[in-house]
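Peer 1: File follows, work19.tsv with TSV, C-alpha atoms:
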```
chain	number	residue	atom	x	y	z
M	4	MET	CA	27.34	14.37	46.22
M	5	ARG	CA	24.76	16.96	45.20
M	6	VAL	CA	22.56	16.08	42.21
M	7	LEU	CA	21.08	18.80	40.00
M	8	ASP	CA	17.31	18.72	39.79
M	9	PRO	CA	15.70	18.65	36.29
M	10	LEU	CA	14.85	22.38	36.28
M	11	ARG	CA	18.44	23.39	37.05
M	12	LEU	CA	19.74	20.91	34.50
M	13	GLN	CA	17.45	22.40	31.87
M	14	SER	CA	18.61	25.91	32.76
M	15	LEU	CA	22.21	24.79	32.43
M	16	TYR	CA	21.49	23.47	28.92
M	17	ARG	CA	19.99	26.83	27.96
M	18	LEU	CA	23.13	28.61	29.09
M	19	LEU	CA	25.53	26.29	27.32
M	20	LEU	CA	23.69	25.60	24.06
M	21	PRO	CA	22.06	27.77	21.37
M	22	GLY	CA	18.30	28.10	21.60
M	23	ARG	CA	17.35	25.71	18.80
M	24	LEU	CA	19.84	23.08	19.90
M	25	THR	CA	18.67	23.46	23.50
M	26	GLY	CA	15.11	22.58	22.59
M	27	LEU	CA	16.30	19.55	20.67
M	28	SER	CA	18.57	18.44	23.50
M	29	VAL	CA	15.83	18.74	26.13
M	30	ALA	CA	13.42	16.81	23.88
M	31	LEU	CA	16.11	14.20	23.30
M	32	LEU	CA	16.73	13.90	27.04
M	33	LYS	CA	13.03	13.38	27.69
M	34	ALA	CA	12.72	10.84	24.88
M	35	THR	CA	15.81	8.95	26.06
M	36	ALA	CA	14.52	8.81	29.63
M	37	LEU	CA	11.20	7.47	28.35
M	38	GLU	CA	12.97	4.86	26.19
M	39	ILE	CA	14.96	3.65	29.21
M	40	ALA	CA	11.82	3.40	31.33
M	41	ILE	CA	9.97	1.51	28.59
M	42	LEU	CA	12.91	-0.83	28.08
M	43	GLY	CA	12.97	-1.64	31.79
M	44	GLY	CA	9.25	-2.36	31.85
M	45	HIS	CA	9.44	-4.40	28.68
M	46	LEU	CA	12.25	-6.56	30.06
M	47	LEU	CA	9.98	-7.42	32.98
M	48	LEU	CA	7.08	-8.29	30.67
M	49	TYR	CA	9.15	-10.12	28.05
M	50	PRO	CA	8.89	-13.61	29.65
M	51	SER	CA	5.08	-13.36	29.61
M	52	GLY	CA	5.12	-13.01	25.82
M	53	ILE	CA	7.47	-15.85	24.91
M	54	ALA	CA	4.72	-18.46	24.58
M	55	SER	CA	2.40	-18.14	21.61
M	56	GLU	CA	-0.98	-16.61	22.31
M	57	ARG	CA	-3.84	-18.99	23.00
M	58	ARG	CA	-6.33	-18.88	20.16
M	59	PRO	CA	-9.98	-18.36	21.13
M	60	GLU	CA	-12.17	-21.39	20.52
M	61	PRO	CA	-15.22	-20.95	18.29
M	62	THR	CA	-18.30	-20.54	20.45
M	63	SER	CA	-21.30	-22.73	19.75
M	64	ALA	CA	-24.85	-21.78	20.56
M	65	PRO	CA	-26.17	-23.36	23.81
M	66	SER	CA	-28.87	-26.02	23.41
M	67	ARG	CA	-32.41	-24.86	24.15
M	68	GLY	CA	-35.43	-26.77	25.26
M	69	ALA	CA	-38.53	-27.17	23.17
M	70	GLY	CA	-40.69	-24.08	22.97
M	71	THR	CA	-37.98	-21.68	24.07
M	72	GLU	CA	-37.25	-18.60	22.03
M	73	ASP	CA	-34.02	-16.84	21.34
M	74	PRO	CA	-33.50	-13.88	23.69
M	75	PRO	CA	-33.52	-10.49	21.97
M	76	ARG	CA	-30.06	-9.44	20.81
M	77	LEU	CA	-28.71	-5.94	20.63
M	78	PRO	CA	-27.30	-4.99	17.22
M	79	THR	CA	-23.54	-5.43	17.09
M	80	ARG	CA	-21.00	-4.11	14.67
M	81	GLU	CA	-18.46	-6.62	13.51
M	82	ARG	CA	-14.98	-5.12	13.32
M	83	THR	CA	-12.18	-6.37	11.11
M	84	PRO	CA	-9.74	-8.48	13.16
M	85	VAL	CA	-6.49	-6.74	14.06
M	86	VAL	CA	-3.19	-8.62	13.95
M	87	LEU	CA	-0.21	-7.28	15.93
M	88	LEU	CA	3.29	-8.18	14.76
M	89	HIS	CA	6.34	-7.38	16.89
M	90	GLY	CA	9.85	-6.29	15.90
M	91	PHE	CA	13.32	-7.84	15.84
M	92	MET	CA	14.30	-9.90	18.92
M	93	ASP	CA	10.99	-9.05	20.57
M	94	ASN	CA	7.67	-10.77	21.23
M	95	ARG	CA	3.96	-10.04	21.60
M	96	SER	CA	4.36	-8.54	25.10
M	97	VAL	CA	5.36	-5.21	23.49
M	98	PHE	CA	1.72	-4.72	22.48
M	99	LEU	CA	0.16	-5.11	25.93
M	100	LEU	CA	-0.96	-1.48	26.22
M	101	LEU	CA	-1.93	-1.07	22.57
M	102	ARG	CA	-4.04	-4.21	22.67
M	103	ARG	CA	-5.82	-2.99	25.78
M	104	SER	CA	-6.46	0.39	24.14
M	105	LEU	CA	-7.92	-1.21	21.02
M	106	ALA	CA	-10.18	-3.49	23.07
M	107	GLN	CA	-11.42	-0.59	25.18
M	108	HIS	CA	-12.40	1.27	22.03
M	109	GLY	CA	-14.51	-1.44	20.47
M	110	ARG	CA	-11.97	-3.80	18.87
M	111	PRO	CA	-12.08	-7.04	20.84
M	112	ARG	CA	-10.83	-9.20	17.96
M	113	VAL	CA	-7.11	-8.51	18.37
M	114	GLU	CA	-4.45	-11.20	18.03
M	115	SER	CA	-0.71	-10.99	18.63
M	116	LEU	CA	1.57	-13.23	16.60
M	117	ASN	CA	5.06	-14.33	17.60
M	118	TYR	CA	7.73	-15.27	15.10
M	119	SER	CA	10.93	-16.99	16.15
M	120	PRO	CA	13.96	-14.86	17.14
M	121	LEU	CA	15.90	-17.32	14.98
M	122	THR	CA	14.04	-16.16	11.87
M	123	CYS	CA	16.67	-15.38	9.25
M	124	ASP	CA	14.62	-14.40	6.21
M	125	ILE	CA	11.90	-11.76	5.82
M	126	ARG	CA	10.36	-13.63	2.89
M	127	ALA	CA	9.97	-16.84	4.91
M	128	ALA	CA	8.49	-14.90	7.82
M	129	ALA	CA	6.03	-13.23	5.41
M	130	GLU	CA	4.92	-16.63	4.08
M	131	LEU	CA	4.36	-17.84	7.65
M	132	LEU	CA	2.39	-14.68	8.40
M	133	GLY	CA	0.19	-15.44	5.40
M	134	ARG	CA	-0.63	-18.89	6.75
M	135	HIS	CA	-1.50	-17.39	10.14
M	136	ILE	CA	-3.79	-14.85	8.51
M	137	GLU	CA	-5.58	-17.51	6.47
M	138	GLU	CA	-6.22	-19.39	9.72
M	139	ILE	CA	-7.51	-16.24	11.41
M	140	CYS	CA	-9.86	-15.47	8.52
M	141	GLU	CA	-11.19	-19.02	8.49
M	142	ARG	CA	-11.74	-19.04	12.25
M	143	THR	CA	-13.34	-15.60	12.50
M	144	GLY	CA	-15.29	-15.66	9.25
M	145	SER	CA	-13.73	-12.37	8.22
M	146	GLY	CA	-12.46	-11.92	4.68
M	147	ARG	CA	-9.76	-9.41	5.62
M	148	VAL	CA	-7.62	-8.27	8.54
M	149	ASP	CA	-5.84	-5.12	9.64
M	150	ILE	CA	-2.20	-5.40	10.74
M	151	VAL	CA	-0.16	-3.22	13.09
M	152	GLY	CA	3.55	-3.98	12.76
M	153	HIS	CA	6.36	-2.54	14.88
M	154	SER	CA	9.79	-2.16	13.28
M	155	LEU	CA	10.73	-5.43	11.51
M	156	GLY	CA	7.16	-6.67	11.98
M	157	GLY	CA	5.93	-3.92	9.68
M	158	LEU	CA	8.46	-4.89	7.01
M	159	ILE	CA	7.40	-8.55	7.16
M	160	ALA	CA	3.74	-7.56	6.85
M	161	ARG	CA	4.48	-5.19	3.96
M	162	TYR	CA	6.35	-7.91	2.08
M	163	TYR	CA	3.36	-10.22	2.53
M	164	ALA	CA	0.85	-7.61	1.36
M	165	GLN	CA	2.90	-6.20	-1.50
M	166	ARG	CA	4.88	-9.16	-2.83
M	167	LEU	CA	2.95	-12.34	-1.87
M	168	GLY	CA	-0.59	-11.35	-2.82
M	169	GLY	CA	-1.53	-10.58	0.77
M	170	ASP	CA	-3.39	-7.43	-0.29
M	171	LEU	CA	-6.39	-9.73	-0.80
M	172	ARG	CA	-6.40	-10.28	2.95
M	173	VAL	CA	-4.80	-7.14	4.44
M	174	ARG	CA	-7.15	-4.17	4.40
M	175	THR	CA	-4.91	-1.73	6.30
M	176	LEU	CA	-1.28	-2.07	7.37
M	177	VAL	CA	-0.10	0.32	10.07
M	178	THR	CA	3.66	0.37	10.57
M	179	LEU	CA	5.51	1.84	13.55
M	180	GLY	CA	9.18	2.73	13.08
M	181	THR	CA	9.61	0.28	10.18
M	182	PRO	CA	12.74	0.65	7.98
M	183	HIS	CA	10.87	0.75	4.66
M	184	SER	CA	13.88	2.02	2.72
M	185	GLY	CA	16.46	0.36	4.97
M	186	THR	CA	18.41	1.57	7.98
M	187	ARG	CA	22.17	1.89	8.46
M	188	VAL	CA	22.10	1.83	12.26
M	189	ALA	CA	24.24	-0.67	14.27
M	190	PRO	CA	26.60	-1.92	11.53
M	191	LEU	CA	28.04	-4.53	13.90
M	192	ALA	CA	24.67	-6.32	13.85
M	193	ASP	CA	25.22	-7.35	10.22
M	194	ALA	CA	26.21	-10.81	11.44
M	195	HIS	CA	22.47	-11.56	11.58
M	196	PRO	CA	21.02	-12.26	8.11
M	197	ILE	CA	17.72	-10.53	8.78
M	198	VAL	CA	19.55	-7.35	9.82
M	199	ARG	CA	21.38	-7.40	6.50
M	200	GLN	CA	18.00	-7.62	4.77
M	201	MET	CA	16.99	-4.38	6.53
M	202	ARG	CA	19.93	-2.46	5.07
M	203	PRO	CA	19.53	0.09	2.25
M	204	GLY	CA	20.06	-1.61	-1.08
M	205	SER	CA	19.40	-5.14	0.17
M	206	ARG	CA	17.53	-7.55	-2.10
M	207	VAL	CA	14.40	-7.34	0.07
M	208	ILE	CA	14.39	-3.53	0.10
M	209	GLU	CA	14.96	-3.55	-3.65
M	210	GLU	CA	12.00	-5.92	-4.16
M	211	LEU	CA	9.75	-3.60	-2.14
M	212	SER	CA	10.75	-0.67	-4.35
M	213	ARG	CA	9.56	-2.47	-7.49
M	214	PRO	CA	6.22	-1.58	-9.14
M	215	ALA	CA	3.14	-2.84	-7.30
M	216	PRO	CA	0.20	-1.86	-9.51
M	217	GLY	CA	-3.23	-2.63	-8.11
M	218	CYS	CA	-2.10	-3.29	-4.54
M	219	ARG	CA	-5.32	-3.02	-2.50
M	220	THR	CA	-3.84	-2.61	0.97
M	221	ARG	CA	-3.86	0.85	2.57
M	222	PHE	CA	-0.60	1.72	4.34
M	223	VAL	CA	-0.19	4.11	7.27
M	224	SER	CA	3.37	4.65	8.44
M	225	PHE	CA	4.21	6.31	11.77
M	226	TRP	CA	7.79	7.61	11.90
M	227	SER	CA	9.49	9.57	14.67
M	228	ASP	CA	11.98	12.43	14.57
M	229	LEU	CA	13.79	10.86	17.55
M	230	ASP	CA	13.89	7.24	16.41
M	231	HIS	CA	17.43	6.04	17.16
M	232	VAL	CA	16.94	2.85	15.12
M	233	MET	CA	16.26	4.68	11.85
M	234	ASP	CA	19.25	6.02	9.89
M	235	PRO	CA	18.16	8.13	8.15
M	236	LEU	CA	15.01	9.00	10.09
M	237	GLU	CA	12.97	9.17	6.88
M	238	ALA	CA	13.68	5.46	6.29
M	239	ALA	CA	10.49	4.75	8.25
M	240	ARG	CA	8.37	6.54	5.64
M	241	ILE	CA	6.66	4.73	2.76
M	242	ASP	CA	7.38	6.50	-0.51
M	243	HIS	CA	6.13	4.33	-3.35
M	244	PRO	CA	4.14	5.58	-6.34
M	245	ASP	CA	1.88	2.51	-6.53
M	246	LEU	CA	0.91	2.24	-2.86
M	247	LEU	CA	-1.94	3.98	-1.06
M	248	ALA	CA	0.36	5.23	1.69
M	249	HIS	CA	0.04	7.94	4.30
M	250	ASN	CA	3.01	8.94	6.49
M	251	VAL	CA	2.45	10.34	9.98
M	252	GLN	CA	5.37	12.07	11.67
M	253	VAL	CA	5.56	11.65	15.43
M	254	THR	CA	7.50	14.28	17.36
M	255	GLY	CA	9.06	13.75	20.76
M	256	ILE	CA	9.38	9.98	21.32
M	257	GLY	CA	11.78	7.23	20.32
M	258	HIS	CA	11.57	3.81	18.72
M	259	LEU	CA	10.47	1.77	21.74
M	260	ALA	CA	7.72	4.22	22.65
M	261	LEU	CA	5.89	3.93	19.32
M	262	PRO	CA	3.81	0.83	20.21
M	263	VAL	CA	3.32	2.03	23.79
M	264	HIS	CA	2.49	5.74	23.78
M	265	PRO	CA	-1.23	6.63	24.10
M	266	ALA	CA	-1.02	9.39	21.48
M	267	VAL	CA	0.24	6.89	18.91
M	268	ALA	CA	-2.44	4.39	19.97
M	269	ASP	CA	-5.03	7.10	19.31
M	270	GLY	CA	-3.55	7.69	15.86
M	271	ILE	CA	-3.68	3.94	15.12
M	272	ARG	CA	-7.34	3.77	16.16
M	273	ARG	CA	-8.18	6.70	13.90
M	274	ALA	CA	-6.48	5.02	10.97
M	275	LEU	CA	-8.48	1.83	11.52
M	276	GLU	CA	-11.72	3.75	12.00
M	277	SER	CA	-11.13	5.50	8.70
M	278	ALA	CA	-10.87	2.11	7.02
M	279	ASP	CA	-14.13	1.10	8.72
M	280	THR	CA	-16.05	4.03	7.30
M	281	ALA	CA	-14.84	3.99	3.70
M	282	ASP	CA	-12.85	1.71	1.43
M	283	SER	CA	-11.28	4.52	-0.51
M	284	PRO	CA	-7.68	5.77	-0.84
M	285	ALA	CA	-8.33	8.65	1.54
M	286	ALA	CA	-5.93	9.70	4.28
M	287	PRO	CA	-6.92	8.42	7.73
M	288	ALA	CA	-9.03	10.75	9.81
M	289	GLY	CA	-7.01	12.63	12.37
M	290	ALA	CA	-3.68	11.80	10.76
M	291	GLY	CA	-3.08	15.08	9.11
M	292	ALA	CA	0.08	16.47	7.63
M	293	GLY	CA	1.08	17.95	10.98
M	294	GLY	CA	1.50	14.47	12.49
M	295	LEU	CA	1.54	13.81	16.22
M	296	THR	CA	3.39	15.87	18.80
M	297	VAL	CA	4.23	14.01	21.99
M	298	ALA	CA	6.05	16.38	24.29
```
Would you mind giving the structure from this file in structure tokens?
Peer 2:
Amino acid sequence: MRVLDPLRLQSLYRLLLPGRLTGLSVALLKATALEIAILGGHLLLYPSGIASERRPEPTSAPSRGAGTEDPPRLPTRERTPVVLLHGFMDNRSVFLLLRRSLAQHGRPRVESLNYSPLTCDIRAAAELLGRHIEEICERTGSGRVDIVGHSLGGLIARYYAQRLGGDLRVRTLVTLGTPHSGTRVAPLADAHPIVRQMRPGSRVIEELSRPAPGCRTRFVSFWSDLDHVMDPLEAARIDHPDLLAHNVQVTGIGHLALPVHPAVADGIRRALESADTADSPAAPAGAGAGGLTVA
């Protein structure tokens, strides 16, 4: 059986479909192929992320003999710890590439948290996240953290920052494909309580729409025009009058690619660097209105 090569297949689409629809279809084909490839790789890595991450032990200064002097130290810049929080039915392995990218660009203090796949309540998960963050702050000596949350992880982190007083600890929250206003996708999944909490009009979504005056956390939301988990697509945007929120549209990739794609990782780094340089409600550097195009 003869198989059409990609160029011929693309030409066939141009013949059969109108120009605008053709471009969308080709982009959708590319995004779908990438999602399938990422899913396959993630299934292979998933077992490695089941166990909770080992926490680094505090380092103590080595003992020195009498008369010895401290060696000269190069000046170092302490960076705010970054906490990575995965999505529904996932684990920390989804952040393997993002974590490596952050470390390579001067952010070695990165921790990935797992929450149980049996978690049935976003509020309870947010309370647990708060306890983890208190432990991280105590261990690292840092007063605040930055969080990157994928999908449900972003919603848990937002609930903590906005509703549980976590804005005292969370400097910047970056969300990737998070259903901030609820998603209607996969209605058959409503058997799971936490999926029902991610629906439009749920009690949790309603609580997040309430006034939040004085919330100190900065929010950066990445949302994709080809995210098959968001219905509607704009559900992944943060639109709240009291929050310091900036929405970045990503063009050309799907839901699973958001925590993996290097262009998104670059956008995340720019958002965190902006928070490093100024504690003001300014939009992150490099995350302009045009968003990111990944094609």
Peer 1: Which is closer to Asp242 (chain M) than all the others in M:Val173, M:Leu261, M:Ala194, M:Leu211, using all atoms listed in the file?
Peer 2: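 Of M:Val173, M:Leu261, M:Ala194, M:Leu211, the one nearest Asp242 (chain M) is M:Leu211, counting all atoms listed in the file.
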Peer 1: Could you please determine the separation between CA of Ala238 (chain M) and CA of Ile256 (chain M) in Å, to one decimal place?
Peer 2: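 Separating CA of Ala238 (chain M) from CA of Ile256 (chain M) is a distance of 16.3 Å.
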Peer 1: Around the point (11.9, 8.3, 16.4), in the coordinates given by the file, pick out the residues reaching within 6 Å, counting all atoms listed in the file, and return them as a PDB file with C-alpha atoms, in the frame of the given file.
Peer 2:
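File produced: result.pdb:
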```
ATOM      1  CA  SER M 227       9.490   9.570  14.670  1.00  0.00           C
ATOM      2  CA  ASP M 228      11.980  12.430  14.570  1.00  0.00           C
ATOM      3  CA  LEU M 229      13.790  10.860  17.550  1.00  0.00           C
ATOM      4  CA  ASP M 230      13.890   7.240  16.410  1.00  0.00           C
ATOM      5  CA  ILE M 256       9.380   9.980  21.320  1.00  0.00           C
ATOM      6  CA  GLY M 257      11.780   7.230  20.320  1.00  0.00           C
ATOM      7  CA  HIS M 258      11.570   3.810  18.720  1.00  0.00           C
TER       8      HIS M 258
END
```
Peer 1: If you count only C-alpha atoms, which residues fall within 7 Å of His249 (chain M), apart from same-chain ones fewer than 2 positions away, as an NGL selection string?
Peer 2: :M and (222-224 or 247 or 251 or 286)
Peer 1: Counting only C-alpha atoms, which of M:Arg166, M:His195, M:Arg174, M:His108 gets nearest to Glu130 (chain M)?
Peer 2: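 So, comparing all the options, the nearest one is M:Arg166.
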